[in-house]
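Next up, coords06.cif (mmCIF, C-alpha atoms):
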data_query
loop_
_atom_site.label_atom_id
_atom_site.label_comp_id
_atom_site.auth_asym_id
_atom_site.auth_seq_id
_atom_site.Cartn_x
_atom_site.Cartn_y
_atom_site.Cartn_z
CA MET A 287 65.22 46.96 29.02
CA LYS A 288 66.52 49.63 26.71
CA ARG A 289 70.15 49.64 25.70
CA LEU A 290 71.77 52.52 23.93
CA CYS A 291 73.29 51.71 20.56
CA LEU A 292 76.27 54.00 20.13
CA VAL A 293 75.76 56.19 17.09
CA LEU A 294 79.07 56.59 15.36
CA LEU A 295 79.75 59.86 13.59
CA THR A 296 82.25 60.73 10.92
CA VAL A 297 84.44 62.75 13.26
CA GLY A 298 84.81 61.99 16.97
CA LEU A 299 85.09 64.66 19.64
CA SER A 300 86.46 64.31 23.17
CA LEU A 301 83.63 65.00 25.59
CA GLN A 302 86.14 66.00 28.28
CA LEU A 303 87.17 68.93 26.08
CA MET A 304 83.67 69.68 24.82
CA GLY A 305 83.44 73.17 26.23
CA ASN A 306 86.69 74.27 24.66
CA THR A 307 85.80 72.44 21.45
CA ILE A 308 82.49 74.27 21.07
CA ASP A 309 84.10 77.65 21.68
CA SER A 310 86.78 76.84 19.13
CA LEU A 311 84.25 75.65 16.55
CA GLU A 312 82.07 78.73 17.04
CA SER A 313 85.14 80.92 16.43
CA VAL A 314 85.99 79.02 13.24
CA LEU A 315 82.37 79.19 12.06
CA ALA A 316 82.30 82.98 12.26
CA LYS A 317 84.96 83.21 9.53
CA ALA A 318 84.55 79.94 7.63
CA GLU A 319 83.30 79.69 4.08
CA GLY A 320 82.56 76.92 1.58
CA ASP A 321 83.34 73.33 2.53
CA LEU A 322 85.16 74.44 5.71
CA LYS A 323 81.93 76.02 6.92
CA VAL A 324 80.02 72.81 6.08
CA LYS A 325 82.52 70.74 8.04
CA THR A 326 82.41 73.11 11.02
CA LEU A 327 78.60 73.09 11.11
CA ASN A 328 78.58 69.27 11.10
CA GLU A 329 81.18 69.15 13.86
CA LEU A 330 79.01 71.51 15.93
CA PHE A 331 76.16 69.04 15.45
CA ARG A 332 78.36 66.34 16.96
CA ALA A 333 79.35 68.59 19.82
CA TYR A 334 75.73 69.33 20.74
CA ILE A 335 73.85 66.12 19.85
CA ASN A 336 74.01 64.58 23.34
CA SER A 337 73.41 67.81 25.25
CA ASP A 338 71.24 70.06 23.06
CA PRO A 339 69.84 68.03 20.13
CA VAL A 340 67.51 70.83 18.99
CA LYS A 341 70.47 73.14 18.49
CA ALA A 342 72.45 70.30 16.93
CA ILE A 343 69.88 69.57 14.23
CA GLY A 344 69.80 73.25 13.30
CA TYR A 345 73.52 73.17 12.60
CA THR A 346 73.40 70.05 10.44
CA ARG A 347 70.40 71.31 8.42
CA GLU A 348 72.35 74.47 7.67
CA ALA A 349 75.34 72.30 6.71
CA LEU A 350 73.23 70.24 4.30
CA ALA A 351 71.78 73.34 2.62
CA LEU A 352 75.21 74.85 2.08
CA ALA A 353 76.80 71.55 1.00
CA THR A 354 74.06 71.06 -1.59
CA GLU A 355 74.49 74.61 -2.86
CA ILE A 356 78.26 74.28 -3.37
CA ASP A 357 78.12 70.61 -4.46
CA ASP A 358 80.17 69.38 -1.48
CA THR A 359 79.42 65.64 -1.68
CA LYS A 360 81.36 64.72 1.47
CA GLY A 361 79.61 67.48 3.42
CA MET A 362 76.22 66.25 2.18
CA ALA A 363 77.05 62.68 3.22
CA ALA A 364 78.02 63.80 6.73
CA SER A 365 74.87 65.93 7.03
CA TYR A 366 72.57 63.10 5.98
CA ASN A 367 74.27 60.82 8.50
CA ASN A 368 73.74 63.40 11.24
CA LEU A 369 70.08 63.81 10.30
CA GLY A 370 69.75 60.04 10.60
CA VAL A 371 71.13 60.28 14.13
CA SER A 372 68.58 62.95 15.05
CA TYR A 373 65.61 61.06 13.62
CA ARG A 374 66.72 57.81 15.24
CA ASN A 375 66.79 59.49 18.65
CA GLN A 376 63.31 60.88 17.97
CA GLY A 377 62.04 57.39 17.18
CA ALA A 378 61.47 57.99 13.44
CA LEU A 379 63.33 54.84 12.44
CA ASP A 380 62.19 54.69 8.81
CA LYS A 381 63.25 58.31 8.24
CA ALA A 382 66.56 57.67 9.99
CA LEU A 383 67.24 54.66 7.75
CA GLU A 384 66.43 56.73 4.67
CA TYR A 385 69.04 59.32 5.65
CA TYR A 386 71.63 56.67 6.55
CA LEU A 387 71.17 54.97 3.16
CA THR A 388 71.55 58.31 1.37
CA SER A 389 74.74 58.93 3.35
CA LEU A 390 76.03 55.44 2.48
CA ASN A 391 75.36 56.01 -1.22
CA LEU A 392 77.25 59.33 -1.22
CA TYR A 393 80.21 57.93 0.71
CA THR A 394 80.31 54.94 -1.68
CA GLN A 395 80.51 57.33 -4.64
CA LEU A 396 83.50 58.98 -2.94
CA ASP A 397 85.04 55.61 -1.97
CA ASN A 398 85.31 57.08 1.56
CA LYS A 399 85.85 53.97 3.70
CA GLU A 400 85.48 55.75 7.03
CA GLY A 401 82.15 57.22 5.93
CA ILE A 402 80.96 53.90 4.48
CA ALA A 403 81.74 52.10 7.75
CA THR A 404 80.04 54.82 9.80
CA SER A 405 76.86 54.62 7.70
CA LYS A 406 76.82 50.83 7.85
CA ASN A 407 77.18 50.86 11.63
CA ASN A 408 74.29 53.28 11.95
CA ILE A 409 72.13 51.24 9.57
CA GLY A 410 72.87 48.27 11.83
CA THR A 411 71.43 50.15 14.83
CA ILE A 412 68.12 50.62 13.02
CA TYR A 413 67.84 46.92 12.18
CA SER A 414 68.79 46.06 15.76
CA LEU A 415 66.03 48.30 17.12
CA LYS A 416 63.60 46.70 14.65
CA LYS A 417 64.77 43.26 15.87
CA ASP A 418 65.98 42.23 12.41
CA TYR A 419 69.07 40.67 13.93
CA GLY A 420 70.39 39.04 10.76
CA GLN A 421 70.62 42.36 8.93
CA ALA A 422 71.95 44.09 12.05
CA MET A 423 74.75 41.52 12.42
CA LYS A 424 75.69 41.90 8.75
CA TYR A 425 76.06 45.68 8.97
CA PHE A 426 77.77 45.70 12.39
CA GLU A 427 80.36 43.12 11.34
CA GLU A 428 81.09 44.92 8.07
CA ALA A 429 81.51 48.21 9.94
CA HIS A 430 83.73 46.59 12.59
CA ASP A 431 85.98 45.00 9.96
CA MET A 432 86.35 48.30 8.09
CA PHE A 433 87.13 50.28 11.24
CA SER A 434 89.68 47.62 12.23
CA GLU A 435 91.36 48.00 8.83
CA LEU A 436 91.46 51.76 9.40
CA ASN A 437 92.73 51.23 12.97
CA ASP A 438 90.08 53.68 14.20
CA LYS A 439 89.98 52.85 17.92
CA GLN A 440 87.08 55.11 18.85
CA ARG A 441 84.78 53.55 16.29
CA ILE A 442 86.06 50.03 16.96
CA ILE A 443 84.89 50.61 20.55
CA GLY A 444 81.47 51.61 19.28
CA THR A 445 81.00 48.62 17.00
CA MET A 446 82.11 46.24 19.78
CA ASN A 447 79.46 47.81 22.01
CA ASN A 448 76.83 47.37 19.30
CA LEU A 449 77.84 43.76 18.70
CA GLY A 450 77.50 43.25 22.44
CA ASN A 451 73.97 44.66 22.29
CA LEU A 452 73.09 42.30 19.48
CA HIS A 453 74.38 39.21 21.28
CA SER A 454 72.57 40.32 24.44
CA ASP A 455 69.30 40.54 22.49
CA LEU A 456 69.96 37.00 21.26
CA GLN A 457 70.51 35.96 24.91
CA LEU A 458 74.14 35.07 24.18
CA TYR A 459 75.17 36.80 27.39
CA GLU A 460 78.69 35.42 27.72
CA GLN A 461 79.64 36.68 24.24
CA ALA A 462 77.87 39.98 24.93
CA LEU A 463 79.85 40.52 28.15
CA LYS A 464 83.04 39.81 26.24
CA TYR A 465 82.27 42.55 23.71
CA TYR A 466 81.24 45.05 26.41
CA SER A 467 84.34 44.38 28.51
CA GLN A 468 86.62 44.76 25.50
CA ALA A 469 84.91 48.00 24.49
CA PHE A 470 85.28 49.48 27.97
CA GLN A 471 88.93 48.37 28.31
CA VAL A 472 89.92 49.81 24.93
CA ALA A 473 88.15 53.08 25.82
CA GLU A 474 90.03 53.28 29.13
CA GLN A 475 93.36 52.55 27.44
CA ASP A 476 92.60 55.29 24.94
CA GLY A 477 91.75 57.77 27.71
CA LYS A 478 88.06 57.97 26.75
CA GLN A 479 85.03 58.11 29.04
CA PHE A 480 82.51 55.71 27.57
CA SER A 481 79.49 54.85 29.74
CA ASP A 482 77.57 52.63 27.28
CA PRO A 483 79.36 49.31 27.96
CA LEU A 484 78.90 49.69 31.74
CA SER A 485 75.20 50.45 31.27
CA ASN A 486 74.84 47.47 28.94
CA ILE A 487 76.58 45.14 31.41
CA GLY A 488 74.00 46.36 33.93
CA ASN A 489 71.29 45.34 31.45
CA ILE A 490 72.61 41.77 31.38
CA TYR A 491 72.57 41.51 35.18
CA PHE A 492 69.03 42.90 35.16
CA ARG A 493 67.91 40.24 32.69
CA GLN A 494 69.53 37.56 34.85
CA GLY A 495 67.66 38.84 37.92
CA ASN A 496 70.73 40.19 39.74
CA LEU A 497 69.22 43.60 40.49
CA GLN A 498 71.89 44.81 42.90
CA ARG A 499 74.71 44.20 40.40
CA ALA A 500 72.60 45.93 37.75
CA VAL A 501 72.19 49.01 39.98
CA ASP A 502 75.94 49.08 40.70
CA TYR A 503 76.80 49.19 36.99
CA TYR A 504 74.02 51.68 36.18
CA GLU A 505 75.19 54.09 38.88
CA ARG A 506 78.80 53.91 37.65
CA ALA A 507 77.62 54.50 34.10
CA LEU A 508 75.32 57.38 35.12
CA ALA A 509 78.12 59.19 36.94
CA MET A 510 80.34 58.83 33.88
CA ALA A 511 77.63 60.03 31.48
CA LYS A 512 76.89 63.09 33.62
CA SER A 513 80.56 64.00 34.01
CA SER A 514 80.95 63.99 30.23
CA ASN A 515 77.65 65.89 29.70
CA ASN A 516 76.24 62.97 27.74
CA GLN A 517 72.56 63.66 28.38
CA ILE A 518 71.30 61.02 25.96
CA GLY A 519 73.36 58.43 27.80
CA ALA A 520 72.13 59.77 31.15
CA LEU A 521 68.53 59.51 29.93
CA ASN A 522 68.99 55.88 28.91
CA ILE A 523 70.56 54.91 32.24
CA THR A 524 68.00 56.84 34.31
CA ALA A 525 65.18 54.98 32.54
CA ASN A 526 66.95 51.69 33.25
CA LEU A 527 67.34 52.54 36.94
CA GLY A 528 63.63 53.29 37.10
CA GLU A 529 62.86 49.88 35.64
CA VAL A 530 65.15 48.13 38.14
CA TYR A 531 63.42 49.77 41.09
CA VAL A 532 60.02 48.82 39.63
CA GLN A 533 61.12 45.17 39.63
CA ALA A 534 62.54 45.55 43.14
CA GLY A 535 59.18 46.84 44.38
CA GLN A 536 60.56 50.22 45.42
CA ALA A 537 57.75 52.32 43.97
CA ALA A 538 58.90 55.76 45.15
CA ASN A 539 62.45 55.37 43.83
CA ALA A 540 61.12 53.91 40.60
CA GLN A 541 58.71 56.80 39.99
CA ARG A 542 61.41 59.37 40.76
CA TYR A 543 63.77 57.94 38.14
CA LEU A 544 60.99 57.39 35.58
CA ASP A 545 59.69 60.95 35.94
CA GLU A 546 63.21 62.29 35.50
CA ALA A 547 63.71 60.09 32.43
CA MET A 548 60.42 61.24 30.85
CA SER A 549 61.33 64.88 31.45
CA LEU A 550 64.73 64.35 29.81
CA SER A 551 63.16 62.49 26.90
CA LYS A 552 60.88 65.44 26.12
CA SER A 553 63.51 68.14 26.58
CA LEU A 554 66.00 66.26 24.39
CA GLN A 555 63.30 65.19 21.91
CA ALA A 556 64.59 61.65 22.37
CA TYR A 557 61.18 60.05 21.95
CA ILE A 558 62.57 56.61 21.22
CA PHE A 559 62.94 56.08 24.98
CA GLU A 560 59.30 56.85 25.80
CA PRO A 561 57.75 53.39 25.18
CA GLN A 562 60.07 51.83 27.77
CA ILE A 563 59.42 54.61 30.29
CA LEU A 564 55.63 54.44 29.85
CA LYS A 565 55.56 50.66 30.19
CA SER A 566 57.67 50.84 33.36
CA MET A 567 55.32 53.49 34.78
CA ALA A 568 52.31 51.26 34.03
CA THR A 569 53.96 48.31 35.80
CA ASN A 570 54.85 50.51 38.76
CA TYR A 571 51.26 51.71 39.12
CA ALA A 572 49.91 48.17 38.77
CA LYS A 573 52.17 46.89 41.56
CA GLN A 574 50.70 49.58 43.82
CA GLY A 575 47.16 48.59 42.90
CA LYS A 576 46.58 51.84 40.97
CA MET A 577 44.92 50.13 38.04
CA ARG A 578 43.33 53.22 36.45
CA GLU A 579 46.72 54.96 36.21
CA ALA A 580 48.31 51.74 34.97
CA TYR A 581 45.67 51.40 32.23
CA GLN A 582 46.17 55.01 31.09
CA MET A 583 49.94 54.49 30.88
CA MET A 584 49.48 51.32 28.83
CA LEU A 585 47.27 53.19 26.36
CA LYS A 586 49.99 55.80 25.93
CA TYR A 587 52.57 53.04 25.63
CA ASP A 588 50.65 51.27 22.85
CA THR A 589 50.22 54.50 20.87
CA THR A 590 53.86 55.53 21.23
CA ARG A 591 55.24 52.08 20.46
CA GLU A 592 53.09 51.68 17.34
CA LYS A 593 54.31 55.02 16.06
CA ILE A 594 57.96 53.98 16.41
CA TYR A 595 57.97 50.24 15.75
CA GLY A 596 54.65 49.65 14.00
CA GLU A 597 53.69 48.11 10.68
CA GLU A 598 53.79 51.38 8.73
CA SER A 599 57.38 52.01 9.79
CA SER A 600 58.33 48.42 8.90
CA ARG A 601 56.68 48.78 5.48
CA LYS A 602 58.66 51.91 4.69
CA ILE A 603 61.90 50.27 5.78
CA ALA A 604 61.12 47.26 3.56
CA GLN A 605 60.61 49.60 0.61
CA MET A 606 63.99 51.21 1.28
CA GLU A 607 65.63 47.78 1.50
CA ILE A 608 64.23 46.91 -1.95
CA ALA A 609 65.44 50.24 -3.34
CA LEU A 610 68.90 49.61 -1.89
CA ASP A 611 69.00 46.07 -3.33
CA LEU A 612 67.97 47.38 -6.76
CA SER A 613 70.63 50.07 -6.59
CA GLU A 614 73.28 47.46 -5.77
CA LYS A 615 72.05 45.20 -8.61
CA GLU A 616 72.18 48.14 -11.02
CA LYS A 617 75.78 48.75 -9.99
CA GLU A 618 76.61 45.08 -10.59
CA VAL A 619 74.97 45.18 -14.02
CA GLU A 620 76.78 48.41 -14.88
CA ALA A 621 80.09 46.86 -13.80
CA LEU A 622 79.41 43.79 -15.95
CA ARG A 623 78.42 45.99 -18.90
CA LYS A 624 81.62 47.97 -18.60
CA ASP A 625 83.58 44.73 -18.31
CA ASP A 626 81.91 43.45 -21.50
CA GLU A 627 82.69 46.73 -23.25
CA ILE A 628 86.33 46.45 -22.22
CA LYS A 629 86.50 42.85 -23.43
CA SER A 630 84.76 43.81 -26.68
CA LEU A 631 87.18 46.68 -27.17
CA GLN A 632 90.10 44.40 -26.43
CA LEU A 633 88.79 41.87 -29.00
CA HIS A 634 88.28 44.65 -31.53
CA ASN A 635 91.80 45.91 -30.93
CA THR A 636 93.17 42.39 -31.28
CA ARG A 637 91.42 41.97 -34.62
CA MET A 638 92.81 45.29 -35.82
CA VAL A 639 96.32 44.25 -34.84
CA ILE A 640 95.94 40.92 -36.68
CA SER A 641 94.59 42.72 -39.77
CA LEU A 642 97.51 45.16 -39.72
CA ILE A 643 99.98 42.32 -39.37
CA VAL A 644 98.43 40.45 -42.31
CA LEU A 645 98.35 43.65 -44.39
CA GLY A 646 101.97 44.27 -43.47
CA ILE A 647 102.94 40.78 -44.60
CA PHE A 648 101.18 41.28 -47.96
CA MET A 649 102.99 44.57 -48.46
CA ILE A 650 106.35 43.01 -47.67
CA VAL A 651 105.70 40.13 -50.13
CA ALA A 652 104.61 42.58 -52.79
CA PHE A 653 107.71 44.72 -52.25
CA VAL A 654 110.02 41.67 -52.47
CA ASN A 655 108.34 40.49 -55.68
CA LEU A 656 108.68 43.93 -57.24
CA PHE A 657 112.34 44.09 -56.27
CA PHE A 658 113.17 40.75 -57.86
CA PHE A 659 111.16 41.57 -61.01
CA ARG A 660 113.26 44.67 -61.60
CA LYS A 661 116.53 42.80 -61.10
CA LYS A 662 115.59 40.01 -63.64
CA PRO A 663 117.43 40.27 -67.20
CA LYS A 664 115.29 41.63 -69.98
CA LYS A 665 114.40 39.28 -72.90
CA THR A 666 115.70 40.26 -76.49
CA SER A 667 113.13 40.57 -79.14
CA ILE A 668 114.03 38.70 -82.42
CA SER A 669 112.72 40.08 -85.62
CA ASN A 670 112.24 37.89 -88.55
CA GLY A 671 113.77 39.48 -91.41
#

Could you render the structure as structure tokens?
Amino acid sequence: MKRLCLVLLTVGLSLQLMGNTIDSLESVLAKAEGDLKVKTLNELFRAYINSDPVKAIGYTREALALATEIDDTKGMAASYNNLGVSYRNQGALDKALEYYLTSLNLYTQLDNKEGIATSKNNIGTIYSLKKDYGQAMKYFEEAHDMFSELNDKQRIIGTMNNLGNLHSDLQLYEQALKYYSQAFQVAEQDGKQFSDPLSNIGNIYFRQGNLQRAVDYYERALAMAKSSNNQIGALNITANLGEVYVQAGQAANAQRYLDEAMSLSKSLQAYIFEPQILKSMATNYAKQGKMREAYQMMLKYDTTREKIYGEESSRKIAQMEIALDLSEKEKEVEALRKDDEIKSLQLHNTRMVISLIVLGIFMIVAFVNLFFFRKKPKKTSISNG
């Protein structure tokens, strides 16, 4: 059962106002220059990512090229983060992680806490998808704490949803439901439409075998995703509905939802959803006794899954982890070296002060001795006649 990890971006946009937002951004873009143009291009990425990801990636690639040209570090960090989002949705997890780590490094250089938290949250989603739950928990909790310090409600909602996903994967369903419920309630209080927690609650009921409750939550979530033009969210929920109907033995309904999900996956280039869809299709065919079709779907499933989650991807991610660890160690060593230099300089300065004081004392003593020598009566020379 696939669950959508919310990808948090550096600037949030209200999906209810998306149409007006895009028009406004396009108007700004026509006249913008320099870092304002970079920022506008990245915001257009965010406006399009869930509805037209192909167009979205074009905007953020243009943003990265311009940001690099004008040395706009913040713009580069945002662009790399956005590229990570695109590659994650396409199922290229190692490439996504590479971009997220680059973004984190740039935001760290700027001491941009919002950007650091955003990158860490997104890194957590990669580890969660790779089932490295220890690393995922580390990054999600760090991101959640930072967003809480910043009082950024929209991103707090997202990290609560991601923490819910993690606890659900660990079969800690009560804690997961708590996170999902809190995320949905905070979103409602903030006037936001956020379908992910409802969909994820449906996932828990599915895992517990309560298919009707799962369908109820999926349908609520699907209506919300469609009303906000969140096509990635709609894809995720449609695939989940297909899987529910497979388990319920309703082959026609299952195939209808799975076909729709596969079509959306290809049009949105969201290939990360395809393994789940293909496996559900195989199960659906098998339950109908169509073993040839089931076998063909399983072959496609194996190929697609290996491409996304396989050993080569894991190896590349491990290499990036080592590089990140080395980078952090180098920073620690550099900090210690600077600290030693400061202490050495302080010691040197202390010695200079002591030397000056001692020299000063010698000069004072010498001056006093000279003064008294001049004041002393002169001796009379006696000549012997």

- Note on the structure: In Å and to one decimal, CA of Thr524 in chain A is distant from CA of Glu546 in chain A by 7.4 Å

- Message: Evaluate the PyMOL selection byres ((chain A and resi 393) around 10) against this structure - the residues, as a PyMOL selection string, please.
- Response: chain A and resi 359-364+387-392+394-405

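When all atoms listed in the file are used to compute distances to His453 in chain A, the closest of the residues A:Met432, A:Ala353, A:Val530, A:Ile490 turns out to be A:Ile490.
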
- Query: Which residues, written as a ChimeraX atom specification, have at least one atom at most 10 Å from Asp482 in chain A, with all atoms listed in the file counted and residues fewer than 4 positions away on the same chain left out?
  - Reply: /A:289-292,444,447-448,466,469-470,486-488,504,507-508,510-511,519-520,522-523

Produce a file of the selected residues containing C-alpha atoms, as an mmCIF file, in the coordinates of the input.
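Result saved to again08.cif:
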data_model
loop_
_atom_site.group_PDB
_atom_site.id
_atom_site.type_symbol
_atom_site.label_atom_id
_atom_site.label_comp_id
_atom_site.auth_asym_id
_atom_site.auth_seq_id
_atom_site.Cartn_x
_atom_site.Cartn_y
_atom_site.Cartn_z
ATOM 1 C CA ARG A 289 70.150 49.640 25.700
ATOM 2 C CA LEU A 290 71.770 52.520 23.930
ATOM 3 C CA CYS A 291 73.290 51.710 20.560
ATOM 4 C CA LEU A 292 76.270 54.000 20.130
ATOM 5 C CA GLY A 444 81.470 51.610 19.280
ATOM 6 C CA ASN A 447 79.460 47.810 22.010
ATOM 7 C CA ASN A 448 76.830 47.370 19.300
ATOM 8 C CA TYR A 466 81.240 45.050 26.410
ATOM 9 C CA ALA A 469 84.910 48.000 24.490
ATOM 10 C CA PHE A 470 85.280 49.480 27.970
ATOM 11 C CA ASN A 486 74.840 47.470 28.940
ATOM 12 C CA ILE A 487 76.580 45.140 31.410
ATOM 13 C CA GLY A 488 74.000 46.360 33.930
ATOM 14 C CA TYR A 504 74.020 51.680 36.180
ATOM 15 C CA ALA A 507 77.620 54.500 34.100
ATOM 16 C CA LEU A 508 75.320 57.380 35.120
ATOM 17 C CA MET A 510 80.340 58.830 33.880
ATOM 18 C CA ALA A 511 77.630 60.030 31.480
ATOM 19 C CA GLY A 519 73.360 58.430 27.800
ATOM 20 C CA ALA A 520 72.130 59.770 31.150
ATOM 21 C CA ASN A 522 68.990 55.880 28.910
ATOM 22 C CA ILE A 523 70.560 54.910 32.240
#

- Item | Evaluate the PyMOL selection byres ((chain A and resi 548-558) around 7) and report residues as a list of chain:residue names | A:Asp338, A:Pro339, A:Asn375, A:Gln376, A:Gly377, A:Leu521, A:Leu544, A:Asp545, A:Glu546, A:Ala547, A:Phe559, A:Glu560, A:Ile563

- Message: Using all atoms listed in the file, can you tell me which of A:Phe492, A:Tyr373, A:Tyr385, A:Tyr345 comes closest to Ala534 in chain A?
- Response: A:Phe492

- Item | Matched chain/residue IDs from the PyMOL selection byres ((chain A and resi 410-416) around 7), as an MDAnalysis selection string | chainID A and resid 291 379 383 406:409 417:419 421:422 425:426 452 595

- Using only C-alpha atoms, can you list as a ChimeraX atom specification the residues within 9 Å of (72.0, 69.6, 8.2)? /A:324,327-328,331,342-353,362,364-366,368-369

- Between CA of Asp309 in chain A and CA of Asp321 in chain A, measure the distance and give it in Å to one decimal.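 For CA of Asp309 in chain A relative to CA of Asp321 in chain A, the distance reads 19.6 Å.
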
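Atom to atom, CA of Lys573 in chain A and CA of Gly535 in chain A stand 7.6 Å apart.
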